[in-house]
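Enquirer: To start, I am sharing the structure in question, which I have written as structure tokens.
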Amino acid sequence: MKKLLYLLLICSWFTAQGQNTIEWDGVYQLQLSDFQSPASQIGDVTVYSLHTPSSIDCSFYMTNGEFMFTKNFNSKVKCVFQRNASSIIAPDTIFALDVLNFGRYTFDLSELYARKLRLRLREEKSAFSDAGFFRPVFEEIQKEYTERHAQAGKLTDIGRNSDKLKELHQEVLAEIVLLSEYCKTCKPKRKN
């Protein structure tokens, strides 16, 4: 009976973790209900802010032999959004929706840079690379992402300038399409 109880607890923990994380798929659009941090508040405030914990995760476990012959790291890099760590603070629903649109932009921007990371890992990996080869590439991609995200926040006032945000978002979506070979489940064409 105890073993069954432990098994149920473990299964419920994994289910809760799965419900907390949204993996980018190109279809799902973030909703206000996805910002589940207790810090979220719409109404009764005079400020507005957004915390979107979308991130690029890169991890791989393989033998030395597998690593030596692997060039495609697409499945090893993912873009995720954490519901319980995300927050929106806005004076009213109109502000909240503007800020939400910036959150959507941020999630798509994270996927764009995940694809850029997948591309760079493929380009940088050689047969004699060691497992740490990805670290400088990841840090460079993260720096580019951070700079672009900060610039977009400044140009759009975190989504309040909706026309500028639409323009920037369309640019990101177009770049995602250009890197279509570098989606998480894609297999890039071999170079001759």
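Identifiers for the structure tokens are assigned positionally: chains receive A, B, ... in sequence, residues are indexed from 1 per chain, and ligands are indexed from 1 in the order shown.
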So which residues touch Tyr61 (chain A) within 10 Å, counting only C-alpha atoms, skipping near sequence neighbours fewer than 5 positions away, as a list in words?

Expert: Glu66, Phe67, Lys76 and Ala131 of chain A

Enquirer: Store the residues picked out above in a file with all heavy atoms, as a PDB file, in the first residue's frame.

Expert:
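Generated file (result_36.pdb):
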```pdb
ATOM      1  N   GLU A  66      28.691   8.441 -29.041  1.00  0.00           N
ATOM      2  CA  GLU A  66      27.511   9.135 -29.568  1.00  0.00           C
ATOM      3  C   GLU A  66      27.818  10.616 -29.776  1.00  0.00           C
ATOM      4  O   GLU A  66      27.463  11.194 -30.798  1.00  0.00           O
ATOM      5  CB  GLU A  66      26.329   9.023 -28.590  1.00  0.00           C
ATOM      6  CG  GLU A  66      25.698   7.663 -28.510  1.00  0.00           C
ATOM      7  CD  GLU A  66      24.637   7.621 -27.418  1.00  0.00           C
ATOM      8  OE1 GLU A  66      24.951   7.975 -26.257  1.00  0.00           O
ATOM      9  OE2 GLU A  66      23.499   7.239 -27.737  1.00  0.00           O
ATOM     10  N   PHE A  67      28.475  11.223 -28.789  1.00  0.00           N
ATOM     11  CA  PHE A  67      28.779  12.646 -28.862  1.00  0.00           C
ATOM     12  C   PHE A  67      29.676  12.945 -30.068  1.00  0.00           C
ATOM     13  O   PHE A  67      29.468  13.927 -30.781  1.00  0.00           O
ATOM     14  CB  PHE A  67      29.457  13.115 -27.566  1.00  0.00           C
ATOM     15  CG  PHE A  67      29.819  14.561 -27.586  1.00  0.00           C
ATOM     16  CD1 PHE A  67      28.840  15.529 -27.427  1.00  0.00           C
ATOM     17  CD2 PHE A  67      31.125  14.970 -27.777  1.00  0.00           C
ATOM     18  CE1 PHE A  67      29.164  16.881 -27.458  1.00  0.00           C
ATOM     19  CE2 PHE A  67      31.466  16.310 -27.808  1.00  0.00           C
ATOM     20  CZ  PHE A  67      30.473  17.265 -27.641  1.00  0.00           C
ATOM     21  N   LYS A  76      17.946  18.597 -28.223  1.00  0.00           N
ATOM     22  CA  LYS A  76      18.581  18.842 -26.924  1.00  0.00           C
ATOM     23  C   LYS A  76      18.365  20.270 -26.430  1.00  0.00           C
ATOM     24  O   LYS A  76      18.719  20.608 -25.314  1.00  0.00           O
ATOM     25  CB  LYS A  76      20.094  18.575 -27.000  1.00  0.00           C
ATOM     26  CG  LYS A  76      20.489  17.262 -27.635  1.00  0.00           C
ATOM     27  CD  LYS A  76      19.982  16.071 -26.883  1.00  0.00           C
ATOM     28  CE  LYS A  76      20.506  14.797 -27.530  1.00  0.00           C
ATOM     29  NZ  LYS A  76      19.713  13.648 -27.221  1.00  0.00           N
ATOM     30  N   ALA A 131      32.750  18.120 -24.660  1.00  0.00           N
ATOM     31  CA  ALA A 131      31.369  18.401 -24.256  1.00  0.00           C
ATOM     32  C   ALA A 131      31.155  19.858 -23.863  1.00  0.00           C
ATOM     33  O   ALA A 131      30.036  20.346 -23.891  1.00  0.00           O
ATOM     34  CB  ALA A 131      30.971  17.483 -23.115  1.00  0.00           C
TER      35      ALA A 131
END
```

Enquirer: Between CA of Ser49 (chain A) and CA of Asn84 (chain A), what distance in Å does the model show, to one decimal?

Expert: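 These two atoms are separated by 16.0 Å.
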
Enquirer: Any chance you could list, as a PyMOL selection string, the residues in region 26-62 of chain A that come up strand (DSSP E or B) when DSSP is run on the backbone?

Expert: chain A and resi 41-42+49-51+54-58

Enquirer: Between CA of Arg120 (chain A) and CA of Lys71 (chain A), what is the distance, to one decimal in Å?

Expert: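 Answer for the CA of Arg120 (chain A) to CA of Lys71 (chain A) separation: 10.5 Å.
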
Enquirer: Give me the residues near Ile141 (chain A) as a list in words, where near means some atom within 7 Å (using only C-alpha atoms) and where sequence neighbours in that chain fewer than 4 positions away do not count.

Expert: Tyr113, Leu117, Val137 and Tyr145 of chain A
